[in-house]
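One file, query16.txt, is given below (compact mmCIF, C-alpha atoms).
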# COMPACT_ATOMS: atom_id res chain seq x y z
CA MET A 630 313.27 57.89 79.69
CA LYS A 631 315.16 61.07 80.39
CA PRO A 632 313.59 64.55 80.37
CA THR A 633 313.95 66.63 77.24
CA ARG A 634 316.87 69.01 77.48
CA VAL A 635 316.38 72.56 76.28
CA SER A 636 319.89 72.58 74.84
CA VAL A 637 318.95 69.72 72.48
CA LEU A 638 315.88 71.65 71.31
CA VAL A 639 317.97 74.78 70.71
CA LEU A 640 320.54 72.75 68.75
CA VAL A 641 317.78 71.22 66.59
CA ALA A 642 316.30 74.68 65.96
CA VAL A 643 319.68 76.15 64.98
CA VAL A 644 320.45 73.26 62.60
CA CYS A 645 316.99 73.54 61.01
CA ALA A 646 317.40 77.31 60.67
CA GLY A 647 320.68 76.80 58.85
CA LEU A 648 319.21 74.15 56.56
CA GLY A 649 316.15 76.28 55.91
CA TRP A 650 318.30 79.28 55.06
CA LEU A 651 320.37 77.19 52.64
CA LEU A 652 317.27 75.83 50.91
CA LEU A 653 315.67 79.24 50.66
CA ARG A 654 318.70 80.66 48.87
CA SER A 655 317.84 78.54 45.84
CA LEU A 656 314.09 77.95 46.22
CA TYR A 657 312.48 81.12 47.59
CA ALA A 658 311.57 82.61 44.21
CA LYS A 659 309.61 79.43 43.32
CA LEU A 660 307.66 79.21 46.60
CA PRO A 661 304.16 80.59 47.17
CA PRO A 662 303.70 83.14 49.97
CA LEU A 663 304.23 81.72 53.44
CA PRO A 664 300.84 80.76 54.96
CA TRP A 665 299.87 82.19 58.35
CA THR A 666 297.53 79.27 59.16
CA GLY A 667 300.21 77.41 61.07
CA VAL A 668 300.22 80.04 63.82
CA PRO A 669 296.71 79.33 65.20
CA ALA A 670 297.36 75.59 64.98
CA LEU A 671 300.55 75.91 67.01
CA LEU A 672 298.86 78.13 69.59
CA ILE A 673 295.85 75.79 69.94
CA ALA A 674 298.21 72.84 70.44
CA ALA A 675 300.15 74.85 73.04
CA MET A 676 296.94 75.72 74.91
CA ALA A 677 295.79 72.10 74.88
CA GLU A 678 299.13 70.83 76.16
CA ALA A 679 299.35 73.45 78.90
CA TRP A 680 295.79 72.72 80.01
CA THR A 681 296.45 68.96 80.00
CA GLY A 682 299.63 69.51 82.01
CA ARG A 683 297.77 71.59 84.59
CA ASP A 684 295.07 68.93 84.91
CA LEU A 685 297.55 66.06 85.12
CA LYS A 686 299.62 67.82 87.76
CA ALA A 687 296.55 68.27 89.95
CA ARG A 688 295.44 64.67 89.44
CA ILE A 689 298.90 63.25 90.20
CA ALA A 690 299.17 65.45 93.31
CA ALA A 691 295.72 64.29 94.46
CA ARG A 692 296.71 60.65 94.06
CA ARG A 693 299.93 61.14 96.03
CA GLY A 694 298.36 63.53 98.57
CA SER A 695 295.99 62.86 101.41
CA GLY A 696 293.29 61.54 99.10
CA PRO A 697 291.05 62.60 96.24
CA GLY A 698 290.37 66.30 96.13
CA THR A 699 293.84 67.36 97.20
CA GLY A 700 295.16 69.83 94.66
CA VAL A 701 298.56 71.20 93.83
CA GLY A 702 300.38 72.27 96.96
CA GLY A 703 298.32 69.94 99.19
CA GLN A 704 295.32 72.29 99.30
CA GLU A 705 291.84 70.84 99.41
CA THR A 706 290.00 71.52 96.14
CA GLY A 707 286.54 70.40 97.22
CA ARG A 708 286.10 68.15 94.19
CA ARG A 709 286.96 64.56 93.53
CA LEU A 710 289.65 64.15 90.91
CA LYS A 711 289.65 61.12 88.66
CA PRO A 712 292.79 59.02 89.20
CA VAL A 713 295.40 59.03 86.46
CA ALA A 714 296.08 55.87 84.49
CA PRO A 715 299.84 55.28 84.20
CA MET A 716 299.51 54.47 80.49
CA PHE A 717 297.81 57.83 79.89
CA VAL A 718 300.69 59.64 81.60
CA SER A 719 303.25 57.80 79.49
CA ARG A 720 301.32 58.77 76.36
CA MET A 721 301.31 62.39 77.46
CA VAL A 722 305.07 62.25 78.00
CA ALA A 723 305.49 60.86 74.48
CA LEU A 724 303.22 63.63 73.13
CA ALA A 725 305.19 66.27 75.02
CA LYS A 726 308.53 65.00 73.74
CA ALA A 727 307.28 64.82 70.15
CA SER A 728 305.65 68.25 70.36
CA SER A 729 308.74 69.91 71.75
CA LEU A 730 310.91 68.41 69.00
CA ALA A 731 308.39 69.36 66.28
CA ALA A 732 308.18 72.87 67.72
CA ALA A 733 311.97 73.16 67.65
CA ILE A 734 312.03 72.08 63.99
CA ILE A 735 309.26 74.53 63.06
CA ALA A 736 310.94 77.33 65.00
CA GLY A 737 314.21 76.58 63.23
CA VAL A 738 312.67 76.63 59.76
CA ALA A 739 310.74 79.81 60.59
CA GLY A 740 313.93 81.35 61.96
CA GLY A 741 315.72 80.42 58.75
CA PHE A 742 312.96 82.17 56.80
CA GLY A 743 313.30 85.23 58.99
CA VAL A 744 317.07 85.42 58.63
CA TYR A 745 316.93 84.90 54.88
CA LEU A 746 314.19 87.48 54.37
CA SER A 747 315.68 90.11 56.68
CA GLY A 748 317.75 91.44 53.79
CA SER A 749 314.79 92.08 51.51
CA LEU A 750 312.19 93.76 53.69
CA ASN A 751 311.65 96.63 51.24
CA ALA A 752 309.48 94.42 48.93
CA SER A 753 305.92 93.64 50.06
CA VAL A 754 305.87 89.83 49.62
CA PRO A 755 309.16 89.17 51.44
CA ARG A 756 308.09 91.61 54.17
CA GLN A 757 304.80 89.72 54.65
CA ASP A 758 306.65 86.38 54.63
CA ALA A 759 309.16 87.69 57.17
CA LEU A 760 306.35 88.83 59.47
CA THR A 761 304.64 85.45 59.14
CA ALA A 762 307.95 83.69 59.84
CA VAL A 763 308.57 85.74 62.99
CA VAL A 764 305.05 85.11 64.32
CA THR A 765 305.38 81.39 63.47
CA PHE A 766 308.70 81.31 65.30
CA ALA A 767 307.10 82.84 68.39
CA ALA A 768 304.16 80.41 68.26
CA ALA A 769 306.56 77.47 67.93
CA VAL A 770 308.50 78.67 70.98
CA VAL A 771 305.21 78.89 72.93
CA LEU A 772 304.39 75.31 71.87
CA ALA A 773 307.83 74.10 72.93
CA CYS A 774 307.39 75.74 76.35
CA ALA A 775 303.93 74.18 76.76
CA ALA A 776 305.30 70.78 75.77
CA LEU A 777 308.14 71.07 78.30
CA TYR A 778 305.58 72.08 80.93
CA LEU A 779 303.42 69.05 80.10
CA GLU A 780 306.44 66.78 80.33
CA ASN A 781 307.36 68.29 83.70
CA CYS A 782 303.78 67.85 84.98
CA CYS A 783 303.91 64.13 84.19
CA ARG A 784 306.65 63.56 86.75
CA VAL A 785 305.68 61.85 89.96
CA PRO A 786 306.50 64.11 92.91
CA GLU A 787 309.16 62.91 95.30
CA ASP A 788 307.85 60.98 98.30
CA GLN A 789 308.53 63.23 101.30
CA ASP A 790 307.47 60.54 103.77
CA ARG A 791 310.11 58.18 102.39
CA ASP A 792 312.79 60.86 102.82
CA GLU A 793 311.74 61.40 106.44
CA ARG A 794 311.79 57.63 107.14
CA GLU A 795 315.28 57.24 105.67
CA ALA A 796 316.79 60.24 107.50
CA PRO A 797 316.72 58.71 111.03
CA ALA A 798 318.05 55.38 109.72
CA SER A 799 321.04 57.02 108.05
CA SER A 800 321.91 59.11 111.12
CA ARG A 801 322.55 56.03 113.28
Go ahead and render the structure in this file as structure tokens.
Amino acid sequence: MKPTRVSVLVLVAVVCAGLGWLLLRSLYAKLPPLPWTGVPALLIAAMAEAWTGRDLKARIAARRGSGPGTGVGGQETGRRLKPVAPMFVSRMVALAKASSLAAAIIAGVAGGFGVYLSGSLNASVPRQDALTAVVTFAAAVVLACAALYLENCCRVPEDQDRDEREAPASSR
């Protein structure tokens, strides 16, 4: 499985923004006001993914380091870290990939709302919807960043000992 590329997420967001803008041209008058409740949900998901990524990174580093209790950067943490099950890490990678794609879609739709409503900010309802769309866009970007961080934290660090063992053999 290859890491998620930011360019793919940006492309998805731009396509969704365009589709959202096109749909809004014909449907906006029939829609209820844009709800703000998605913003806290996106931010809570982002916090959970960032926290999980931080924890996983420390646990993977402890497993590959000089034993339990070795934290990020090889520093002793003074606590025993529970080893990471490989299946759990693969599930977290799947969650991170799905979250980043969902965040890109949400950011795109919210961006489409923002672009569409930017021309009618003098009315109160479109102004409120535009503000909600901008805040939702920002929260979706935060979620995408947290998901990319979680995905990055699930990588196994390179084995430095293996590199040192191979260097003398290749110099012969």
Among A:Met716, A:Leu653, A:Leu638, A:Leu660, Ser728 in chain A is approached most closely, using only C-alpha atoms, by A:Leu638
Do a neighbour search on Leu724 in chain A at 9 Å with all atoms listed in the file, toss out local chain neighbours closer than 4 positions, and write the hits as a list of chain:residue names.
A:Glu678, A:Ser719, A:Arg720, A:Ser728, A:Ser729, A:Ala776, A:Leu779, A:Glu780
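The nearest approach to Pro662 in chain A among the residues A:Val637, A:Leu760, A:Ala690, A:Leu685, with only C-alpha atoms taken into account, belongs to A:Leu760.
Residue nearest Trp650 in chain A within the list A:Pro712, A:Pro786, A:Gly737, A:Pro669: A:Gly737 [criterion: smallest interatomic distance, all atoms listed in the file].
Across the model, the gap from CA of Leu777 in chain A to CA of Gly682 in chain A is 9.4 Å.
Among the candidates A:Ala723, A:Val763, A:Val738, A:Met676, the residue lying nearest to Leu652 in chain A is A:Val738 (atoms considered: all atoms listed in the file).
Ranking A:Val713, A:Ala768, A:Ala679, A:Leu656 by their shortest atom-to-atom distance to Tyr745 in chain A, with only C-alpha atoms included, puts A:Leu656 first.
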Once all heavy atoms are restored for range 664-675 of chain A, what would the output be as a PDB file, in the frame of the given file?
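Wrote it out as selection-v9.pdb, contents follow:
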ATOM      1  N   PRO A 664     302.184  80.688  54.364  1.00  0.00           N
ATOM      2  CA  PRO A 664     300.840  80.760  54.960  1.00  0.00           C
ATOM      3  C   PRO A 664     300.903  81.083  56.451  1.00  0.00           C
ATOM      4  O   PRO A 664     301.803  80.641  57.158  1.00  0.00           O
ATOM      5  CB  PRO A 664     300.277  79.356  54.721  1.00  0.00           C
ATOM      6  CG  PRO A 664     301.468  78.476  54.647  1.00  0.00           C
ATOM      7  CD  PRO A 664     302.577  79.317  54.055  1.00  0.00           C
ATOM      8  N   TRP A 665     299.939  81.821  56.928  1.00  0.00           N
ATOM      9  CA  TRP A 665     299.870  82.190  58.350  1.00  0.00           C
ATOM     10  C   TRP A 665     299.069  81.178  59.148  1.00  0.00           C
ATOM     11  O   TRP A 665     299.002  81.268  60.371  1.00  0.00           O
ATOM     12  CB  TRP A 665     299.239  83.570  58.498  1.00  0.00           C
ATOM     13  CG  TRP A 665     297.848  83.638  57.945  1.00  0.00           C
ATOM     14  CD1 TRP A 665     297.490  84.012  56.687  1.00  0.00           C
ATOM     15  CD2 TRP A 665     296.641  83.286  58.613  1.00  0.00           C
ATOM     16  NE1 TRP A 665     296.129  83.911  56.531  1.00  0.00           N
ATOM     17  CE2 TRP A 665     295.588  83.460  57.701  1.00  0.00           C
ATOM     18  CE3 TRP A 665     296.333  82.824  59.894  1.00  0.00           C
ATOM     19  CZ2 TRP A 665     294.261  83.195  58.034  1.00  0.00           C
ATOM     20  CZ3 TRP A 665     295.009  82.567  60.217  1.00  0.00           C
ATOM     21  CH2 TRP A 665     293.992  82.753  59.286  1.00  0.00           C
ATOM     22  N   THR A 666     298.449  80.195  58.481  1.00  0.00           N
ATOM     23  CA  THR A 666     297.530  79.270  59.160  1.00  0.00           C
ATOM     24  C   THR A 666     298.212  78.354  60.167  1.00  0.00           C
ATOM     25  O   THR A 666     297.534  77.764  61.003  1.00  0.00           O
ATOM     26  CB  THR A 666     296.785  78.416  58.126  1.00  0.00           C
ATOM     27  OG1 THR A 666     297.746  77.790  57.263  1.00  0.00           O
ATOM     28  CG2 THR A 666     295.839  79.255  57.299  1.00  0.00           C
ATOM     29  N   GLY A 667     299.514  78.241  60.094  1.00  0.00           N
ATOM     30  CA  GLY A 667     300.210  77.410  61.070  1.00  0.00           C
ATOM     31  C   GLY A 667     300.225  78.029  62.460  1.00  0.00           C
ATOM     32  O   GLY A 667     300.295  77.316  63.467  1.00  0.00           O
ATOM     33  N   VAL A 668     300.144  79.339  62.531  1.00  0.00           N
ATOM     34  CA  VAL A 668     300.220  80.040  63.820  1.00  0.00           C
ATOM     35  C   VAL A 668     299.063  79.658  64.738  1.00  0.00           C
ATOM     36  O   VAL A 668     299.293  79.257  65.884  1.00  0.00           O
ATOM     37  CB  VAL A 668     300.305  81.568  63.611  1.00  0.00           C
ATOM     38  CG1 VAL A 668     300.238  82.303  64.935  1.00  0.00           C
ATOM     39  CG2 VAL A 668     301.577  81.917  62.864  1.00  0.00           C
ATOM     40  N   PRO A 669     297.799  79.738  64.298  1.00  0.00           N
ATOM     41  CA  PRO A 669     296.710  79.330  65.200  1.00  0.00           C
ATOM     42  C   PRO A 669     296.802  77.856  65.591  1.00  0.00           C
ATOM     43  O   PRO A 669     296.500  77.501  66.732  1.00  0.00           O
ATOM     44  CB  PRO A 669     295.433  79.609  64.408  1.00  0.00           C
ATOM     45  CG  PRO A 669     295.807  80.522  63.320  1.00  0.00           C
ATOM     46  CD  PRO A 669     297.260  80.316  63.057  1.00  0.00           C
ATOM     47  N   ALA A 670     297.231  77.006  64.664  1.00  0.00           N
ATOM     48  CA  ALA A 670     297.360  75.590  64.980  1.00  0.00           C
ATOM     49  C   ALA A 670     298.398  75.361  66.077  1.00  0.00           C
ATOM     50  O   ALA A 670     298.171  74.577  67.015  1.00  0.00           O
ATOM     51  CB  ALA A 670     297.722  74.798  63.727  1.00  0.00           C
ATOM     52  N   LEU A 671     299.512  76.044  65.983  1.00  0.00           N
ATOM     53  CA  LEU A 671     300.550  75.910  67.010  1.00  0.00           C
ATOM     54  C   LEU A 671     300.060  76.436  68.356  1.00  0.00           C
ATOM     55  O   LEU A 671     300.319  75.831  69.406  1.00  0.00           O
ATOM     56  CB  LEU A 671     301.812  76.674  66.587  1.00  0.00           C
ATOM     57  CG  LEU A 671     302.589  76.101  65.404  1.00  0.00           C
ATOM     58  CD1 LEU A 671     303.658  77.079  64.945  1.00  0.00           C
ATOM     59  CD2 LEU A 671     303.199  74.767  65.762  1.00  0.00           C
ATOM     60  N   LEU A 672     299.347  77.552  68.336  1.00  0.00           N
ATOM     61  CA  LEU A 672     298.860  78.130  69.590  1.00  0.00           C
ATOM     62  C   LEU A 672     297.761  77.274  70.221  1.00  0.00           C
ATOM     63  O   LEU A 672     297.696  77.150  71.454  1.00  0.00           O
ATOM     64  CB  LEU A 672     298.381  79.560  69.356  1.00  0.00           C
ATOM     65  CG  LEU A 672     299.483  80.552  68.997  1.00  0.00           C
ATOM     66  CD1 LEU A 672     298.894  81.920  68.684  1.00  0.00           C
ATOM     67  CD2 LEU A 672     300.516  80.645  70.103  1.00  0.00           C
ATOM     68  N   ILE A 673     296.886  76.686  69.401  1.00  0.00           N
ATOM     69  CA  ILE A 673     295.850  75.790  69.940  1.00  0.00           C
ATOM     70  C   ILE A 673     296.495  74.550  70.553  1.00  0.00           C
ATOM     71  O   ILE A 673     296.100  74.104  71.636  1.00  0.00           O
ATOM     72  CB  ILE A 673     294.833  75.418  68.836  1.00  0.00           C
ATOM     73  CG1 ILE A 673     293.966  76.633  68.504  1.00  0.00           C
ATOM     74  CG2 ILE A 673     293.963  74.237  69.254  1.00  0.00           C
ATOM     75  CD1 ILE A 673     293.110  76.460  67.272  1.00  0.00           C
ATOM     76  N   ALA A 674     297.498  73.995  69.883  1.00  0.00           N
ATOM     77  CA  ALA A 674     298.210  72.840  70.440  1.00  0.00           C
ATOM     78  C   ALA A 674     298.902  73.213  71.748  1.00  0.00           C
ATOM     79  O   ALA A 674     298.894  72.432  72.716  1.00  0.00           O
ATOM     80  CB  ALA A 674     299.228  72.311  69.429  1.00  0.00           C
ATOM     81  N   ALA A 675     299.483  74.404  71.815  1.00  0.00           N
ATOM     82  CA  ALA A 675     300.150  74.850  73.040  1.00  0.00           C
ATOM     83  C   ALA A 675     299.145  74.995  74.178  1.00  0.00           C
ATOM     84  O   ALA A 675     299.412  74.580  75.312  1.00  0.00           O
ATOM     85  CB  ALA A 675     300.867  76.170  72.798  1.00  0.00           C
TER      86      ALA A 675
END
